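Data block for input21.txt (compact mmCIF, N, CA and C atoms):
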```
# COMPACT_ATOMS: atom_id res chain seq x y z
N MET J 1 -143.62 67.03 19.12
CA MET J 1 -142.96 66.36 18.05
C MET J 1 -143.89 66.30 16.84
N THR J 2 -143.36 66.61 15.68
CA THR J 2 -144.16 66.66 14.47
C THR J 2 -143.91 65.43 13.61
N ASP J 3 -144.98 64.86 13.11
CA ASP J 3 -144.86 63.70 12.22
C ASP J 3 -144.59 64.22 10.82
N THR J 4 -143.47 63.83 10.24
CA THR J 4 -143.10 64.29 8.90
C THR J 4 -143.73 63.46 7.80
N GLY J 5 -144.35 62.35 8.17
CA GLY J 5 -145.00 61.51 7.18
C GLY J 5 -144.07 60.50 6.53
N SER J 6 -142.77 60.58 6.83
CA SER J 6 -141.85 59.62 6.22
C SER J 6 -141.66 58.44 7.15
N PRO J 7 -141.61 57.25 6.59
CA PRO J 7 -141.43 56.07 7.45
C PRO J 7 -140.03 56.06 8.06
N ALA J 8 -139.96 55.51 9.25
CA ALA J 8 -138.66 55.40 9.92
C ALA J 8 -137.78 54.43 9.13
N ALA J 9 -136.52 54.76 9.05
CA ALA J 9 -135.58 53.88 8.34
C ALA J 9 -135.45 52.57 9.10
N THR J 10 -135.58 51.49 8.38
CA THR J 10 -135.44 50.17 8.99
C THR J 10 -133.96 49.81 8.98
N PRO J 11 -133.40 49.52 10.13
CA PRO J 11 -131.97 49.19 10.16
C PRO J 11 -131.72 47.86 9.45
N ARG J 12 -130.58 47.79 8.77
CA ARG J 12 -130.20 46.53 8.10
C ARG J 12 -129.74 45.54 9.15
N LEU J 13 -130.16 44.32 8.98
CA LEU J 13 -129.76 43.26 9.88
C LEU J 13 -128.54 42.55 9.30
N PRO J 14 -127.73 41.94 10.14
CA PRO J 14 -126.56 41.19 9.63
C PRO J 14 -126.96 40.13 8.61
N ILE J 15 -128.12 39.52 8.78
CA ILE J 15 -128.57 38.49 7.84
C ILE J 15 -128.83 39.10 6.47
N ASP J 16 -129.30 40.35 6.43
CA ASP J 16 -129.53 41.03 5.15
C ASP J 16 -128.21 41.18 4.40
N ASP J 17 -127.17 41.56 5.12
CA ASP J 17 -125.85 41.70 4.49
C ASP J 17 -125.33 40.36 4.00
N ALA J 18 -125.55 39.31 4.78
CA ALA J 18 -125.08 37.98 4.39
C ALA J 18 -125.83 37.49 3.15
N ILE J 19 -127.12 37.73 3.08
CA ILE J 19 -127.90 37.33 1.91
C ILE J 19 -127.43 38.09 0.69
N GLU J 20 -127.24 39.39 0.83
CA GLU J 20 -126.79 40.20 -0.29
C GLU J 20 -125.42 39.73 -0.79
N GLU J 21 -124.54 39.39 0.13
CA GLU J 21 -123.21 38.91 -0.25
C GLU J 21 -123.31 37.58 -1.02
N CYS J 22 -124.19 36.70 -0.58
CA CYS J 22 -124.38 35.42 -1.28
C CYS J 22 -124.92 35.63 -2.69
N VAL J 23 -125.89 36.50 -2.82
CA VAL J 23 -126.48 36.77 -4.14
C VAL J 23 -125.43 37.38 -5.06
N ILE J 24 -124.65 38.33 -4.55
CA ILE J 24 -123.64 38.98 -5.38
C ILE J 24 -122.55 38.00 -5.79
N SER J 25 -122.13 37.15 -4.88
CA SER J 25 -121.12 36.14 -5.23
C SER J 25 -121.64 35.20 -6.31
N ARG J 26 -122.88 34.77 -6.18
CA ARG J 26 -123.47 33.88 -7.18
C ARG J 26 -123.60 34.62 -8.51
N ARG J 27 -124.05 35.88 -8.45
CA ARG J 27 -124.16 36.69 -9.67
C ARG J 27 -122.81 36.77 -10.37
N ASN J 28 -121.77 37.05 -9.62
CA ASN J 28 -120.44 37.19 -10.22
C ASN J 28 -119.95 35.87 -10.81
N PHE J 29 -120.27 34.77 -10.16
CA PHE J 29 -119.89 33.46 -10.69
C PHE J 29 -120.58 33.20 -12.03
N TYR J 30 -121.89 33.46 -12.08
CA TYR J 30 -122.63 33.29 -13.33
C TYR J 30 -122.11 34.24 -14.41
N LEU J 31 -121.80 35.46 -14.02
CA LEU J 31 -121.23 36.42 -14.97
C LEU J 31 -119.89 35.91 -15.49
N GLY J 32 -119.09 35.31 -14.61
CA GLY J 32 -117.82 34.74 -15.02
C GLY J 32 -117.99 33.57 -15.98
N LEU J 33 -119.01 32.74 -15.75
CA LEU J 33 -119.28 31.64 -16.68
C LEU J 33 -119.64 32.19 -18.06
N TRP J 34 -120.49 33.20 -18.07
CA TRP J 34 -120.87 33.83 -19.34
C TRP J 34 -119.65 34.43 -20.03
N ALA J 35 -118.84 35.17 -19.28
CA ALA J 35 -117.66 35.81 -19.86
C ALA J 35 -116.68 34.75 -20.38
N GLY J 36 -116.50 33.69 -19.63
CA GLY J 36 -115.61 32.62 -20.05
C GLY J 36 -116.05 32.00 -21.36
N ARG J 37 -117.36 31.87 -21.54
CA ARG J 37 -117.87 31.34 -22.80
C ARG J 37 -117.62 32.32 -23.95
N GLN J 38 -117.74 33.62 -23.66
CA GLN J 38 -117.44 34.62 -24.69
C GLN J 38 -115.97 34.58 -25.07
N LEU J 39 -115.12 34.23 -24.10
CA LEU J 39 -113.69 34.11 -24.34
C LEU J 39 -113.33 32.78 -25.00
N ASP J 40 -114.33 31.94 -25.19
CA ASP J 40 -114.15 30.63 -25.80
C ASP J 40 -113.21 29.73 -24.98
N LEU J 41 -113.33 29.83 -23.65
CA LEU J 41 -112.54 28.97 -22.77
C LEU J 41 -113.09 27.55 -22.83
N PRO J 42 -112.23 26.57 -22.62
CA PRO J 42 -112.74 25.18 -22.57
C PRO J 42 -113.66 25.01 -21.36
N GLU J 43 -114.62 24.13 -21.51
CA GLU J 43 -115.60 23.88 -20.44
C GLU J 43 -114.93 23.62 -19.09
N ALA J 44 -113.84 22.88 -19.10
CA ALA J 44 -113.14 22.53 -17.86
C ALA J 44 -112.53 23.75 -17.17
N ALA J 45 -112.30 24.83 -17.90
CA ALA J 45 -111.67 26.02 -17.34
C ALA J 45 -112.69 27.07 -16.89
N LEU J 46 -113.95 26.89 -17.21
CA LEU J 46 -114.96 27.92 -16.91
C LEU J 46 -115.11 28.19 -15.42
N GLY J 47 -115.17 27.14 -14.61
CA GLY J 47 -115.35 27.32 -13.17
C GLY J 47 -114.20 28.10 -12.55
N ALA J 48 -112.98 27.79 -12.94
CA ALA J 48 -111.81 28.50 -12.40
C ALA J 48 -111.83 29.96 -12.83
N TYR J 49 -112.19 30.20 -14.09
CA TYR J 49 -112.27 31.59 -14.55
C TYR J 49 -113.37 32.34 -13.80
N ALA J 50 -114.53 31.71 -13.65
CA ALA J 50 -115.64 32.35 -12.93
C ALA J 50 -115.22 32.71 -11.50
N GLN J 51 -114.42 31.87 -10.88
CA GLN J 51 -113.95 32.15 -9.52
C GLN J 51 -113.06 33.40 -9.51
N THR J 52 -112.29 33.62 -10.57
CA THR J 52 -111.46 34.84 -10.62
C THR J 52 -112.32 36.09 -10.72
N VAL J 53 -113.49 35.95 -11.34
CA VAL J 53 -114.43 37.08 -11.42
C VAL J 53 -115.01 37.36 -10.03
N VAL J 54 -115.35 36.31 -9.31
CA VAL J 54 -115.85 36.47 -7.93
C VAL J 54 -114.80 37.18 -7.08
N GLU J 55 -113.56 36.75 -7.19
CA GLU J 55 -112.47 37.34 -6.40
C GLU J 55 -112.20 38.78 -6.78
N ALA J 56 -112.41 39.14 -8.04
CA ALA J 56 -112.18 40.52 -8.48
C ALA J 56 -113.12 41.49 -7.79
N ASP J 57 -114.27 41.02 -7.34
CA ASP J 57 -115.25 41.89 -6.69
C ASP J 57 -114.79 42.36 -5.31
N HIS J 58 -113.73 41.80 -4.79
CA HIS J 58 -113.26 42.20 -3.46
C HIS J 58 -112.24 43.34 -3.54
N GLU J 59 -111.98 43.84 -4.74
CA GLU J 59 -110.99 44.91 -4.89
C GLU J 59 -111.51 46.26 -4.41
N GLU J 60 -112.80 46.54 -4.65
CA GLU J 60 -113.40 47.81 -4.24
C GLU J 60 -114.90 47.63 -4.14
N PRO J 61 -115.58 48.53 -3.42
CA PRO J 61 -117.04 48.42 -3.32
C PRO J 61 -117.70 48.62 -4.68
N GLY J 62 -118.84 47.97 -4.87
CA GLY J 62 -119.57 48.10 -6.13
C GLY J 62 -119.14 47.05 -7.14
N HIS J 63 -119.67 47.19 -8.34
CA HIS J 63 -119.39 46.18 -9.37
C HIS J 63 -118.42 46.65 -10.45
N ASP J 64 -117.90 47.86 -10.32
CA ASP J 64 -116.99 48.38 -11.35
C ASP J 64 -115.74 47.53 -11.50
N ASP J 65 -115.23 46.97 -10.39
CA ASP J 65 -114.03 46.15 -10.48
C ASP J 65 -114.28 44.86 -11.27
N VAL J 66 -115.48 44.32 -11.16
CA VAL J 66 -115.83 43.12 -11.90
C VAL J 66 -115.94 43.44 -13.39
N ILE J 67 -116.63 44.51 -13.70
CA ILE J 67 -116.78 44.91 -15.10
C ILE J 67 -115.42 45.24 -15.70
N ARG J 68 -114.58 45.92 -14.96
CA ARG J 68 -113.24 46.26 -15.44
C ARG J 68 -112.41 45.00 -15.72
N LYS J 69 -112.51 44.01 -14.85
CA LYS J 69 -111.76 42.77 -15.03
C LYS J 69 -112.22 42.06 -16.31
N ILE J 70 -113.53 41.92 -16.48
CA ILE J 70 -114.05 41.24 -17.65
C ILE J 70 -113.74 42.02 -18.92
N ALA J 71 -113.92 43.33 -18.89
CA ALA J 71 -113.61 44.16 -20.06
C ALA J 71 -112.14 44.03 -20.44
N GLY J 72 -111.27 43.99 -19.45
CA GLY J 72 -109.84 43.83 -19.71
C GLY J 72 -109.53 42.47 -20.31
N ASP J 73 -110.17 41.43 -19.82
CA ASP J 73 -109.98 40.09 -20.37
C ASP J 73 -110.50 40.02 -21.82
N PHE J 74 -111.64 40.65 -22.06
CA PHE J 74 -112.17 40.67 -23.42
C PHE J 74 -111.21 41.41 -24.35
N ALA J 75 -110.72 42.55 -23.90
CA ALA J 75 -109.78 43.32 -24.73
C ALA J 75 -108.52 42.52 -25.02
N ALA J 76 -108.01 41.82 -24.01
CA ALA J 76 -106.78 41.03 -24.18
C ALA J 76 -106.96 39.88 -25.16
N HIS J 77 -108.20 39.43 -25.32
CA HIS J 77 -108.48 38.30 -26.22
C HIS J 77 -109.24 38.74 -27.47
N ASP J 78 -109.25 40.05 -27.73
CA ASP J 78 -109.91 40.61 -28.92
C ASP J 78 -111.38 40.22 -29.03
N VAL J 79 -112.08 40.20 -27.90
CA VAL J 79 -113.52 39.96 -27.91
C VAL J 79 -114.20 41.32 -27.87
N ALA J 80 -114.96 41.63 -28.91
CA ALA J 80 -115.64 42.92 -29.00
C ALA J 80 -116.89 42.90 -28.13
N MET J 81 -116.84 43.67 -27.05
CA MET J 81 -117.97 43.73 -26.13
C MET J 81 -117.92 45.09 -25.44
N THR J 82 -119.03 45.79 -25.43
CA THR J 82 -119.06 47.10 -24.78
C THR J 82 -119.31 46.94 -23.28
N ARG J 83 -118.97 47.99 -22.56
CA ARG J 83 -119.24 48.03 -21.12
C ARG J 83 -120.73 47.87 -20.87
N ALA J 84 -121.54 48.49 -21.72
CA ALA J 84 -123.00 48.41 -21.56
C ALA J 84 -123.48 46.97 -21.71
N GLU J 85 -122.89 46.21 -22.64
CA GLU J 85 -123.28 44.81 -22.83
C GLU J 85 -122.89 43.97 -21.61
N ILE J 86 -121.72 44.25 -21.05
CA ILE J 86 -121.29 43.53 -19.84
C ILE J 86 -122.22 43.88 -18.68
N LEU J 87 -122.55 45.15 -18.55
CA LEU J 87 -123.46 45.59 -17.48
C LEU J 87 -124.84 44.96 -17.64
N ARG J 88 -125.32 44.87 -18.86
CA ARG J 88 -126.61 44.24 -19.12
C ARG J 88 -126.59 42.77 -18.66
N GLN J 89 -125.50 42.08 -18.95
CA GLN J 89 -125.37 40.69 -18.52
C GLN J 89 -125.25 40.60 -17.00
N LEU J 90 -124.57 41.56 -16.38
CA LEU J 90 -124.46 41.59 -14.92
C LEU J 90 -125.85 41.70 -14.31
N ILE J 91 -126.70 42.53 -14.89
CA ILE J 91 -128.06 42.69 -14.38
C ILE J 91 -128.84 41.39 -14.54
N ARG J 92 -128.71 40.75 -15.70
CA ARG J 92 -129.40 39.47 -15.92
C ARG J 92 -128.95 38.42 -14.91
N THR J 93 -127.65 38.32 -14.69
CA THR J 93 -127.16 37.30 -13.77
C THR J 93 -127.53 37.64 -12.33
N HIS J 94 -127.64 38.93 -12.02
CA HIS J 94 -128.07 39.32 -10.67
C HIS J 94 -129.52 38.88 -10.44
N LEU J 95 -130.36 39.10 -11.42
CA LEU J 95 -131.76 38.68 -11.29
C LEU J 95 -131.88 37.16 -11.15
N LEU J 96 -131.09 36.44 -11.93
CA LEU J 96 -131.08 34.99 -11.85
C LEU J 96 -130.63 34.52 -10.47
N ALA J 97 -129.53 35.10 -9.97
CA ALA J 97 -129.00 34.71 -8.66
C ALA J 97 -129.99 35.02 -7.54
N ALA J 98 -130.63 36.18 -7.61
CA ALA J 98 -131.60 36.56 -6.58
C ALA J 98 -132.80 35.62 -6.60
N ARG J 99 -133.26 35.30 -7.81
CA ARG J 99 -134.41 34.39 -7.95
C ARG J 99 -134.06 33.02 -7.39
N GLN J 100 -132.88 32.50 -7.73
CA GLN J 100 -132.46 31.19 -7.24
C GLN J 100 -132.30 31.19 -5.73
N PHE J 101 -131.73 32.26 -5.18
CA PHE J 101 -131.54 32.33 -3.75
C PHE J 101 -132.88 32.34 -3.04
N GLY J 102 -133.85 33.07 -3.60
CA GLY J 102 -135.19 33.12 -3.00
C GLY J 102 -135.90 31.80 -3.06
N MET J 103 -135.59 30.97 -4.05
CA MET J 103 -136.24 29.66 -4.20
C MET J 103 -135.60 28.61 -3.31
N SER J 104 -134.43 28.92 -2.73
CA SER J 104 -133.72 27.91 -1.95
C SER J 104 -134.11 27.87 -0.49
N ASP J 105 -135.08 28.69 -0.10
CA ASP J 105 -135.50 28.71 1.31
C ASP J 105 -136.12 27.43 1.73
```

Could you write out this structure as structure tokens?
Amino acid sequence: MTDTGSPAATPRLPIDDAIEECVISRRNFYLGLWAGRQLDLPEAALGAYAQTVVEADHEEPGHDDVIRKIAGDFAAHDVAMTRAEILRQLIRTHLLAARQFGMSD
């Protein structure tokens, strides 16, 4: 047997998937809060709107469904925002969610 020098792939544990799901849900909630503020929603409506963003992520794998939902809402309310700007905010909220999750141990 020849050693190829590459490390063996570490199998993902169920806990890894659960942690990732929690971080992504939190990220999407924060992204929804941000988007709701861009839409000028009343403070009382932000949580409900953010929850719709979380739910949109269950439509297909990846984050395209979330970006598509927010971009569609922005377009419907004449909020000028590019896909790149939404993606940039998604990355910011992902970092925030991951940092918060890591601090909650």

For Ile86 of chain J, list every protein, DNA or RNA residue within 8 Å, evaluated using all atoms listed in the file, and leave out those in the same chain fewer than 4 positions away; present the list as a list in words.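 Returned residues: Ile67, Ile70, Ala71, Met81, Thr82, Leu90, Ile91 and Arg92 of chain J.
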
Identify all residues of chain J in alpha helix (DSSP H) (DSSP on the backbone) and supply them as JSON, numbers by chain. {"J": [14, 15, 16, 17, 18, 19, 20, 21, 22, 23, 24, 25, 26, 27, 28, 29, 30, 31, 32, 33, 34, 35, 36, 37, 38, 43, 44, 45, 46, 47, 48, 49, 50, 51, 52, 53, 54, 55, 56, 64, 65, 66, 67, 68, 69, 70, 71, 72, 73, 74, 75, 76, 83, 84, 85, 86, 87, 88, 89, 90, 91, 92, 93, 94, 95, 96, 97, 98, 99, 100, 101, 102, 103]}

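Distance-wise, atom CA of Leu33 of chain J and atom CA of Leu46 of chain J end up 5.7 Å apart.
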
Close residues, Arg27 of chain J itself excluded, 6 Å, only C-alpha atoms, min 6 positions apart in chain, as a PyMOL selection string: chain J and resi 93-94+97

For the atom pair atom CA of Gln38 of chain J and atom CA of Gly102 of chain J, what is the interatomic distance in Å to one decimal place?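 Between these atoms lies a distance of 28.1 Å.
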
Shell around Trp34 of chain J at 8 Å using all atoms listed in the file, local window under 5 positions removed, as a list in words: Asn28, Phe29, Leu39, Asp40, Leu46 and Ala50 of chain J

Could you tell me how far atom N of Leu31 of chain J sits from atom N of Ala45 of chain J, in Å to one decimal place? 14.8 Å

Counting only C-alpha atoms, the option among J:Val79, J:Arg26, J:Gly36, J:Leu95 closest to Ala48 of chain J: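 Counting only C-alpha atoms, the residue closest to Ala48 of chain J is J:Gly36.
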
For a quick check of understanding, using only C-alpha atoms, which of J:Met103, J:Ala35, J:Ala98, J:Ala44 has the smallest distance to Cys22 of chain J? J:Ala98

Using only C-alpha atoms, give me every residue within 8 Å of (-114.7, 36.2, -9.0) in file coordinates, as a compact mmCIF listing (two decimals) with N, CA and C atoms, in the frame of the given file.
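part02.txt written:
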```txt
# COMPACT_ATOMS: atom_id res chain seq x y z
N SER J 25 -122.13 37.15 -4.88
CA SER J 25 -121.12 36.14 -5.23
C SER J 25 -121.64 35.20 -6.31
N ASN J 28 -121.77 37.05 -9.62
CA ASN J 28 -120.44 37.19 -10.22
C ASN J 28 -119.95 35.87 -10.81
N PHE J 29 -120.27 34.77 -10.16
CA PHE J 29 -119.89 33.46 -10.69
C PHE J 29 -120.58 33.20 -12.03
N GLY J 32 -119.09 35.31 -14.61
CA GLY J 32 -117.82 34.74 -15.02
C GLY J 32 -117.99 33.57 -15.98
N TYR J 49 -112.19 30.20 -14.09
CA TYR J 49 -112.27 31.59 -14.55
C TYR J 49 -113.37 32.34 -13.80
N ALA J 50 -114.53 31.71 -13.65
CA ALA J 50 -115.64 32.35 -12.93
C ALA J 50 -115.22 32.71 -11.50
N GLN J 51 -114.42 31.87 -10.88
CA GLN J 51 -113.95 32.15 -9.52
C GLN J 51 -113.06 33.40 -9.51
N THR J 52 -112.29 33.62 -10.57
CA THR J 52 -111.46 34.84 -10.62
C THR J 52 -112.32 36.09 -10.72
N VAL J 53 -113.49 35.95 -11.34
CA VAL J 53 -114.43 37.08 -11.42
C VAL J 53 -115.01 37.36 -10.03
N VAL J 54 -115.35 36.31 -9.31
CA VAL J 54 -115.85 36.47 -7.93
C VAL J 54 -114.80 37.18 -7.08
N GLU J 55 -113.56 36.75 -7.19
CA GLU J 55 -112.47 37.34 -6.40
C GLU J 55 -112.20 38.78 -6.78
N ALA J 56 -112.41 39.14 -8.04
CA ALA J 56 -112.18 40.52 -8.48
C ALA J 56 -113.12 41.49 -7.79
N ASP J 57 -114.27 41.02 -7.34
CA ASP J 57 -115.25 41.89 -6.69
C ASP J 57 -114.79 42.36 -5.31
N VAL J 66 -115.48 44.32 -11.16
CA VAL J 66 -115.83 43.12 -11.90
C VAL J 66 -115.94 43.44 -13.39
```
